[in-house]
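Data block for upload_23.csv (CSV, C-alpha atoms):
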```csv
chain,number,residue,atom,x,y,z
A,264,GLN,CA,-85.2,-59.5,-17.2
A,265,THR,CA,-82.2,-60.7,-15.2
A,266,VAL,CA,-80.3,-58.4,-12.8
A,267,ASN,CA,-77.4,-59.7,-10.5
A,268,GLY,CA,-78.4,-63.2,-11.5
A,269,CYS,CA,-82.0,-62.8,-10.5
A,270,GLU,CA,-84.8,-63.1,-13.1
A,271,SER,CA,-87.8,-60.9,-12.9
A,272,ALA,CA,-91.5,-61.9,-13.2
A,273,ARG,CA,-92.8,-62.1,-16.8
A,274,ALA,CA,-94.5,-59.1,-18.4
A,275,LYS,CA,-97.2,-59.7,-20.9
A,276,ILE,CA,-96.8,-58.3,-24.5
A,277,THR,CA,-99.9,-58.5,-26.7
A,278,VAL,CA,-99.3,-58.6,-30.6
A,279,ASN,CA,-102.2,-57.9,-33.0
A,280,VAL,CA,-101.6,-59.4,-36.5
A,281,ILE,CA,-103.8,-57.5,-38.9
A,282,ASP,CA,-105.1,-59.3,-42.1
A,283,ASN,CA,-103.7,-58.0,-45.4
A,284,PRO,CA,-106.3,-55.9,-47.2
A,285,SER,CA,-107.9,-57.3,-50.3
A,286,ALA,CA,-106.7,-56.1,-53.7
A,287,PRO,CA,-108.5,-53.0,-55.1
A,288,VAL,CA,-111.6,-53.5,-57.2
A,289,VAL,CA,-110.6,-52.9,-60.9
A,290,SER,CA,-112.2,-52.8,-64.3
A,291,ASN,CA,-110.7,-53.4,-67.7
A,292,TYR,CA,-110.4,-50.7,-70.4
A,293,GLU,CA,-110.8,-50.3,-74.1
A,294,PHE,CA,-109.4,-47.3,-76.0
A,295,CYS,CA,-109.4,-46.6,-79.7
A,296,GLN,CA,-105.9,-46.3,-81.3
A,297,ASN,CA,-104.6,-42.7,-81.4
A,298,SER,CA,-107.5,-41.5,-79.2
A,299,THR,CA,-107.0,-39.5,-76.0
A,300,ALA,CA,-107.0,-42.0,-73.1
A,301,SER,CA,-108.1,-41.2,-69.6
A,302,SER,CA,-106.2,-42.1,-66.4
A,303,LEU,CA,-106.8,-45.6,-65.0
A,304,SER,CA,-108.7,-45.9,-61.8
A,305,ALA,CA,-109.5,-48.5,-59.1
A,306,VAL,CA,-111.6,-48.6,-56.0
A,307,GLY,CA,-109.3,-48.7,-52.9
A,308,THR,CA,-107.3,-46.8,-50.4
A,309,ASP,CA,-103.8,-45.3,-50.9
A,310,LEU,CA,-103.5,-46.8,-54.4
A,311,LYS,CA,-100.1,-47.7,-55.9
A,312,TRP,CA,-99.7,-48.5,-59.6
A,313,TYR,CA,-97.1,-50.9,-61.1
A,314,THR,CA,-96.1,-51.9,-64.6
A,315,SER,CA,-95.4,-55.5,-63.8
A,316,SER,CA,-97.0,-58.2,-61.7
A,317,THR,CA,-94.0,-58.4,-59.3
A,318,GLY,CA,-91.1,-56.2,-58.3
A,319,GLY,CA,-90.6,-52.6,-59.2
A,320,ALA,CA,-91.6,-49.5,-57.3
A,321,GLY,CA,-95.2,-48.4,-57.1
A,322,ASN,CA,-96.4,-45.0,-58.2
A,323,THR,CA,-99.3,-43.1,-56.6
A,324,ILE,CA,-100.1,-41.4,-59.8
A,325,ALA,CA,-102.5,-43.4,-62.0
A,326,PRO,CA,-101.0,-44.1,-65.4
A,327,VAL,CA,-102.5,-42.9,-68.8
A,328,PRO,CA,-102.2,-45.6,-71.4
A,329,ASN,CA,-100.3,-44.9,-74.7
A,330,THR,CA,-102.8,-45.4,-77.5
A,331,SER,CA,-100.4,-45.1,-80.5
A,332,ILE,CA,-99.9,-48.9,-80.8
A,333,ALA,CA,-102.9,-51.3,-81.0
A,334,GLY,CA,-102.7,-54.4,-78.8
A,335,ASP,CA,-103.3,-55.8,-75.3
A,336,PHE,CA,-101.5,-54.3,-72.3
A,337,SER,CA,-101.6,-54.7,-68.5
A,338,PHE,CA,-101.1,-52.5,-65.4
A,339,TRP,CA,-101.3,-53.5,-61.8
A,340,VAL,CA,-102.5,-51.7,-58.7
A,341,THR,CA,-102.5,-52.3,-54.9
A,342,GLN,CA,-104.2,-50.5,-51.9
A,343,THR,CA,-102.7,-49.9,-48.5
A,344,VAL,CA,-104.8,-50.1,-45.3
A,345,ASN,CA,-103.3,-49.6,-41.8
A,346,GLY,CA,-99.9,-49.7,-43.3
A,347,CYS,CA,-100.4,-53.0,-45.0
A,348,GLU,CA,-100.3,-53.3,-48.8
A,349,SER,CA,-102.6,-55.7,-50.7
A,350,GLU,CA,-101.8,-58.1,-53.5
A,351,ARG,CA,-101.6,-56.6,-56.9
A,352,ALA,CA,-104.8,-56.5,-59.1
A,353,GLU,CA,-104.4,-56.6,-62.9
A,354,VAL,CA,-106.0,-53.9,-65.0
A,355,LYS,CA,-106.2,-55.1,-68.7
A,356,VAL,CA,-106.1,-52.4,-71.4
A,357,LYS,CA,-107.0,-53.1,-75.0
A,358,ILE,CA,-106.0,-50.5,-77.6
A,359,LEU,CA,-108.4,-51.1,-80.6
A,360,GLN,CA,-106.9,-51.0,-84.1
A,361,ALA,CA,-107.8,-47.8,-85.9
A,362,PRO,CA,-110.2,-48.4,-88.7
A,363,PHE,CA,-108.5,-48.8,-92.1
A,364,SER,CA,-109.9,-49.8,-95.5
A,365,THR,CA,-107.8,-52.3,-97.4
A,366,VAL,CA,-110.1,-51.8,-100.4
A,367,LEU,CA,-109.4,-48.1,-100.7
A,368,LYS,CA,-106.0,-47.7,-102.5
A,369,ASP,CA,-104.1,-45.1,-104.5
A,370,THR,CA,-105.1,-45.1,-108.2
A,371,SER,CA,-105.1,-43.0,-111.3
A,372,ILE,CA,-107.7,-41.5,-113.5
A,373,CYS,CA,-107.7,-40.9,-117.3
A,374,ASP,CA,-108.8,-37.6,-119.0
A,375,GLY,CA,-112.5,-37.3,-119.2
A,376,GLU,CA,-113.1,-40.4,-117.1
A,377,ASN,CA,-115.1,-40.9,-113.9
A,378,ILE,CA,-114.0,-43.4,-111.4
A,379,VAL,CA,-115.4,-44.5,-108.0
A,380,LEU,CA,-113.5,-44.6,-104.8
A,381,ASP,CA,-114.8,-47.3,-102.5
A,382,VAL,CA,-114.0,-48.0,-98.8
A,383,GLY,CA,-115.7,-51.3,-98.7
A,384,ALA,CA,-118.1,-52.6,-96.1
A,385,GLY,CA,-117.9,-52.3,-92.3
A,386,PHE,CA,-117.6,-48.5,-91.9
A,387,ILE,CA,-119.5,-45.4,-91.6
A,388,ALA,CA,-117.6,-43.3,-94.2
A,389,GLU,CA,-117.7,-39.5,-94.4
A,390,TRP,CA,-115.8,-38.1,-97.3
A,391,GLN,CA,-114.0,-34.9,-96.4
A,392,THR,CA,-115.4,-33.0,-99.4
A,393,ILE,CA,-117.3,-29.7,-99.5
A,394,PRO,CA,-120.0,-30.4,-98.5
A,395,PRO,CA,-119.1,-33.7,-96.8
A,396,VAL,CA,-120.6,-36.9,-98.3
A,397,VAL,CA,-121.6,-39.8,-96.1
A,398,SER,CA,-121.4,-42.8,-98.4
A,399,GLN,CA,-119.3,-46.0,-98.9
A,400,THR,CA,-118.3,-44.7,-102.4
A,401,LEU,CA,-117.4,-41.4,-103.9
A,402,GLN,CA,-117.4,-40.7,-107.7
A,403,ILE,CA,-114.7,-38.4,-108.9
A,404,SER,CA,-113.6,-37.0,-112.2
A,405,SER,CA,-110.2,-35.3,-111.5
A,406,PRO,CA,-106.9,-36.2,-109.9
A,407,GLY,CA,-106.1,-35.1,-106.3
A,408,LYS,CA,-105.9,-36.3,-102.7
A,409,TYR,CA,-109.2,-37.5,-101.2
A,410,SER,CA,-109.7,-38.1,-97.5
A,411,VAL,CA,-112.5,-40.0,-95.7
A,412,LYS,CA,-113.3,-40.3,-92.0
A,413,LEU,CA,-114.0,-43.9,-91.2
A,414,THR,CA,-116.0,-45.0,-88.1
A,415,ASP,CA,-116.1,-48.7,-87.2
A,416,VAL,CA,-118.6,-50.7,-85.2
A,417,LYS,CA,-116.6,-49.9,-82.0
A,418,GLY,CA,-116.9,-46.2,-82.6
A,419,CYS,CA,-113.2,-45.8,-83.4
A,420,VAL,CA,-112.5,-43.1,-85.9
A,421,ALA,CA,-109.6,-42.5,-88.3
A,422,ILE,CA,-108.9,-40.4,-91.4
A,423,GLN,CA,-107.6,-42.2,-94.4
A,424,THR,CA,-106.3,-40.4,-97.5
A,425,VAL,CA,-105.7,-41.8,-101.0
A,426,GLU,CA,-104.0,-40.1,-103.9
A,427,VAL,CA,-105.5,-40.2,-107.4
A,428,THR,CA,-102.9,-39.3,-110.0
A,429,PRO,CA,-103.4,-38.4,-113.7
A,430,GLY,CA,-103.4,-41.6,-115.8
A,431,VAL,CA,-101.2,-41.7,-118.9
A,432,THR,CA,-102.5,-43.3,-122.0
A,433,PRO,CA,-100.1,-45.7,-123.7
A,434,ILE,CA,-98.8,-45.0,-127.2
A,435,ILE,CA,-99.1,-47.8,-129.8
A,436,THR,CA,-95.8,-47.4,-131.6
A,437,GLN,CA,-96.0,-50.3,-134.1
A,438,VAL,CA,-98.3,-53.1,-135.1
A,439,LYS,CA,-96.6,-56.0,-136.9
A,440,SER,CA,-98.8,-58.0,-139.2
A,441,GLY,CA,-97.9,-61.7,-139.9
A,442,GLU,CA,-99.5,-64.5,-141.8
A,443,ASP,CA,-102.1,-65.0,-139.1
A,444,PHE,CA,-101.0,-62.8,-136.2
A,445,LEU,CA,-100.7,-59.3,-134.9
A,446,GLU,CA,-97.9,-58.1,-132.6
A,447,ILE,CA,-98.5,-54.8,-130.8
A,448,LEU,CA,-95.7,-52.7,-129.5
A,449,ALA,CA,-96.5,-49.9,-127.1
A,450,GLU,CA,-94.7,-47.4,-124.8
A,451,ASN,CA,-95.4,-44.7,-122.2
A,452,GLY,CA,-98.5,-44.9,-120.0
A,453,ASN,CA,-98.2,-47.1,-116.9
A,454,PRO,CA,-96.9,-50.5,-117.9
A,455,PRO,CA,-97.4,-53.5,-117.8
A,456,TYR,CA,-100.1,-53.4,-120.4
A,457,LEU,CA,-103.2,-55.3,-121.3
A,458,TYR,CA,-104.2,-55.9,-124.9
A,459,SER,CA,-107.5,-56.5,-126.6
A,460,LEU,CA,-109.1,-56.7,-130.0
A,461,ASP,CA,-112.7,-56.0,-128.8
A,462,ASN,CA,-112.2,-53.8,-125.7
A,463,VAL,CA,-113.9,-56.6,-123.7
A,464,ASN,CA,-111.6,-59.6,-123.5
A,465,TRP,CA,-108.0,-58.6,-122.4
A,466,GLN,CA,-104.7,-60.5,-122.3
A,467,THR,CA,-101.2,-59.8,-121.1
A,468,SER,CA,-99.5,-61.1,-124.2
A,469,ASN,CA,-99.0,-58.5,-127.0
A,470,VAL,CA,-99.4,-61.1,-129.7
A,471,PHE,CA,-102.7,-62.3,-131.1
A,472,LYS,CA,-102.4,-65.6,-132.9
A,473,ASN,CA,-104.6,-67.7,-135.3
A,474,LEU,CA,-106.2,-64.6,-136.8
A,475,SER,CA,-108.0,-64.6,-140.2
A,476,ALA,CA,-107.1,-61.9,-142.7
A,477,GLY,CA,-109.1,-58.8,-142.0
A,478,ILE,CA,-109.2,-55.4,-140.3
A,479,TYR,CA,-108.8,-55.3,-136.5
A,480,GLN,CA,-109.3,-52.6,-133.9
A,481,ILE,CA,-106.5,-52.8,-131.3
A,482,TYR,CA,-106.8,-51.6,-127.7
A,483,VAL,CA,-103.9,-51.2,-125.2
A,484,LYS,CA,-104.2,-50.1,-121.6
A,485,SER,CA,-102.3,-50.2,-118.4
A,486,GLN,CA,-103.0,-53.0,-115.9
A,487,THR,CA,-103.4,-50.3,-113.3
A,488,ASN,CA,-105.9,-48.0,-115.0
A,489,SER,CA,-108.2,-47.8,-117.9
A,490,CYS,CA,-106.5,-45.2,-120.1
A,491,THR,CA,-106.8,-46.9,-123.4
A,492,ALA,CA,-105.0,-46.4,-126.7
A,493,VAL,CA,-106.8,-47.4,-129.9
A,494,ALA,CA,-105.4,-48.2,-133.3
A,495,THR,CA,-106.5,-49.9,-136.5
A,496,SER,CA,-104.5,-52.5,-138.3
A,497,ALA,CA,-104.9,-55.5,-140.5
A,498,VAL,CA,-103.8,-59.1,-141.1
A,499,LEU,CA,-102.8,-59.2,-144.7
A,500,PHE,CA,-104.0,-61.7,-147.2
A,501,ILE,CA,-101.1,-62.3,-149.7
A,502,PRO,CA,-102.1,-64.7,-152.4
A,503,ASN,CA,-99.4,-67.1,-153.6
A,504,ALA,CA,-100.9,-67.7,-157.1
A,505,PHE,CA,-102.7,-65.8,-159.9
A,506,THR,CA,-103.5,-66.4,-163.5
A,507,PRO,CA,-103.1,-63.3,-165.7
A,508,ASN,CA,-104.8,-64.8,-168.7
A,509,HIS,CA,-107.5,-62.1,-169.1
A,510,ASP,CA,-110.4,-64.4,-168.3
A,511,GLY,CA,-111.7,-61.9,-165.8
A,512,TYR,CA,-110.8,-64.2,-162.8
A,513,ASN,CA,-107.8,-63.9,-160.7
A,514,ASP,CA,-106.0,-61.9,-163.3
A,515,VAL,CA,-104.2,-59.6,-160.8
A,516,TRP,CA,-102.0,-60.4,-157.9
A,517,ARG,CA,-103.3,-58.1,-155.1
A,518,VAL,CA,-102.4,-57.8,-151.4
A,519,SER,CA,-105.7,-57.4,-149.4
A,520,ASN,CA,-105.8,-54.9,-146.5
A,521,ILE,CA,-102.4,-53.3,-147.4
A,522,GLU,CA,-104.1,-49.9,-147.4
A,523,PHE,CA,-104.0,-49.9,-143.6
A,524,PHE,CA,-100.2,-49.5,-143.6
A,525,SER,CA,-98.9,-46.0,-144.4
A,526,ASN,CA,-95.4,-46.8,-145.6
A,527,VAL,CA,-95.0,-49.9,-147.7
A,528,LYS,CA,-92.4,-50.8,-150.4
A,529,LEU,CA,-93.0,-53.8,-152.7
A,530,LYS,CA,-90.5,-55.5,-155.0
A,531,ILE,CA,-91.0,-58.6,-157.1
A,532,PHE,CA,-88.2,-60.7,-158.6
A,533,ASP,CA,-87.9,-63.6,-161.0
A,534,LYS,CA,-85.9,-66.7,-160.3
A,535,PHE,CA,-82.8,-65.0,-161.7
A,536,GLY,CA,-83.0,-62.0,-159.3
A,537,THR,CA,-84.3,-59.6,-161.9
A,538,GLN,CA,-86.7,-57.0,-160.4
A,539,VAL,CA,-89.9,-57.3,-162.5
A,540,PHE,CA,-92.2,-55.1,-160.4
A,541,THR,CA,-92.0,-52.4,-157.8
A,542,ALA,CA,-94.5,-50.1,-156.0
A,543,GLU,CA,-94.4,-47.7,-153.1
A,544,ASP,CA,-98.1,-46.6,-153.3
A,545,VAL,CA,-100.5,-49.0,-151.6
A,546,LEU,CA,-103.1,-48.1,-154.2
A,547,LYS,CA,-100.8,-49.5,-156.9
A,548,PHE,CA,-100.0,-52.9,-155.2
A,549,ASN,CA,-101.7,-54.7,-158.2
A,550,TRP,CA,-99.4,-56.7,-160.4
A,551,ASN,CA,-100.8,-58.0,-163.7
A,552,GLY,CA,-97.8,-60.2,-164.5
A,553,LEU,CA,-96.3,-57.7,-167.0
A,554,TYR,CA,-92.7,-56.7,-167.2
A,555,ASN,CA,-91.7,-54.0,-169.7
A,556,GLY,CA,-95.2,-54.3,-171.2
A,557,ARG,CA,-94.9,-58.1,-171.9
A,558,LEU,CA,-96.6,-60.9,-170.0
A,559,LEU,CA,-94.0,-62.9,-168.1
A,560,PRO,CA,-93.8,-66.7,-168.4
A,561,SER,CA,-95.4,-69.0,-166.0
A,562,GLY,CA,-93.2,-69.7,-163.0
A,563,THR,CA,-92.4,-68.8,-159.4
A,564,TYR,CA,-91.6,-65.3,-158.5
A,565,TRP,CA,-90.5,-63.8,-155.2
A,566,TYR,CA,-91.7,-60.7,-153.3
A,567,VAL,CA,-90.1,-58.5,-150.7
A,568,MET,CA,-92.4,-56.2,-148.9
A,569,GLU,CA,-91.0,-53.6,-146.4
A,570,ILE,CA,-93.8,-52.4,-144.1
A,571,ASP,CA,-93.6,-49.1,-142.2
A,572,GLY,CA,-89.8,-49.2,-142.3
A,573,HIS,CA,-89.7,-51.7,-139.4
A,574,TYR,CA,-90.1,-55.2,-140.7
A,575,THR,CA,-90.2,-57.2,-143.9
A,576,ARG,CA,-92.5,-59.8,-145.3
A,577,THR,CA,-91.2,-62.2,-148.0
A,578,GLY,CA,-92.7,-65.0,-150.0
A,579,TRP,CA,-93.3,-66.6,-153.3
A,580,ILE,CA,-95.9,-66.1,-156.0
A,581,LEU,CA,-96.9,-68.7,-158.7
A,582,LEU,CA,-97.7,-66.9,-162.0
A,583,LYS,CA,-99.6,-69.2,-164.3
A,584,ASN,CA,-100.6,-67.5,-167.6
A,585,ARG,CA,-102.3,-70.5,-169.3
```

Once more with this new file: its structure as structure tokens, please.
Amino acid sequence: QTVNGCESARAKITVNVIDNPSAPVVSNYEFCQNSTASSLSAVGTDLKWYTSSTGGAGNTIAPVPNTSIAGDFSFWVTQTVNGCESERAEVKVKILQAPFSTVLKDTSICDGENIVLDVGAGFIAEWQTIPPVVSQTLQISSPGKYSVKLTDVKGCVAIQTVEVTPGVTPIITQVKSGEDFLEILAENGNPPYLYSLDNVNWQTSNVFKNLSAGIYQIYVKSQTNSCTAVATSAVLFIPNAFTPNHDGYNDVWRVSNIEFFSNVKLKIFDKFGTQVFTAEDVLKFNWNGLYNGRLLPSGTYWYVMEIDGHYTRTGWILLKNR
């Protein structure tokens, strides 16, 4: 120091620079989604916890990770020794995705049907029935909500619930029969529909083409369940020529398979528009070429056939009586 212009002798001051402490010893953590997490911990003295690698204020209370969202998260921690704070050590926390079956989905069930609920591979599945059933699959016979406890290879557990609703069977409202096709109209149920003529091979189109004359069993079901409507119909065979000459061969004009339609009206006209035959009973759809008890001359005649009140078939007939 200097007093009245005079400087004193020098006094010695010793300064001890202490090394910063090393960062705490940490471990990484894994928790299952939606599980109860424990507080994080580290090995060190006077720990302070941070939510970022730099900046921010430290907290002496160890954090408890939020497990509601799956993903990777980080926390940081320091220790303080002799008043000196260490660098921050990163604690990595992984929240494991809760087990979930993408195979198991809401579905429907038809009356009298049994279906199988399946969670797929990769889980230990315990169905929450009474008593519980430990199995990948569960066979059921009635609508309702069904829950299963899924445990994955990491030991994470979740409850998954599916709803099985009553399936509704479609109603076949009309079947149109053409020269070589059947067109099926349906409603109700759970559209869109699938269509089949053998209950094995299914198509999305409601028209079956290139069919031979004959009787056909028709099946319609939803694309989302197996509730199946069944009906019988026919592709008609309508001959375009006959020879009513009483030789015992081809003497009668007859529409094959017409008996599979409940409401049919037939009218036959000559080339002048005179109605020469009519019938509304499918058992009487047999024209022998007579009109008013007399055999009509050879020529072309025209028929109009109204089927089930919905659609009309028309065409020509060649009558050849000699």

Compare A:Gln391, A:Glu522, A:Ala333, A:Leu559 by their minimum atom-to-atom distance to Asn297 of chain A, counting only C-alpha atoms, and give me the closest one.
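Checking each of A:Gln391, A:Glu522, A:Ala333, A:Leu559 against Asn297 of chain A, counting only C-alpha atoms, the winner is A:Ala333.
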
Go ahead and compute the interatomic distance for atom CA of Ala361 of chain A and atom CA of Ile422 of chain A, in Å to one decimal.
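Pair atom CA of Ala361 of chain A / atom CA of Ile422 of chain A returns 9.3 Å.
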
As a PyMOL selection string, please: the residues near Pro429 of chain A (cut-off 9 Å, only C-alpha atoms, same-chain neighbours under 2 positions excluded).
chain A and resi 370-374+405-407+427+431

Quote the spacing between atom CA of Leu303 of chain A and atom CA of Val344 of chain A in Å to one decimal place.
20.3 Å

Pick the closest to Gly578 of chain A from A:Ser364, A:Thr299, A:Thr563, A:Ser331: which is it, counting only C-alpha atoms?
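Selected residue with least distance to Gly578 of chain A: A:Thr563.
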
Contacts of Ser525 of chain A at 12 Å or less, counting only C-alpha atoms, minus same-chain residues fewer than 5 places along, as a list in words?
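Skipping anything fewer than 5 positions along the chain leaves Gln437, Val438, Thr495, Ser496, Ala497, Asn520, Glu543, Asp544, Val545, Leu546, Glu569, Ile570, Asp571, Gly572 and His573 of chain A.
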
What does the distance from atom CA of Val483 of chain A to atom CA of Thr575 of chain A come to in Å, to one decimal?
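Those two atoms sit 23.9 Å apart.
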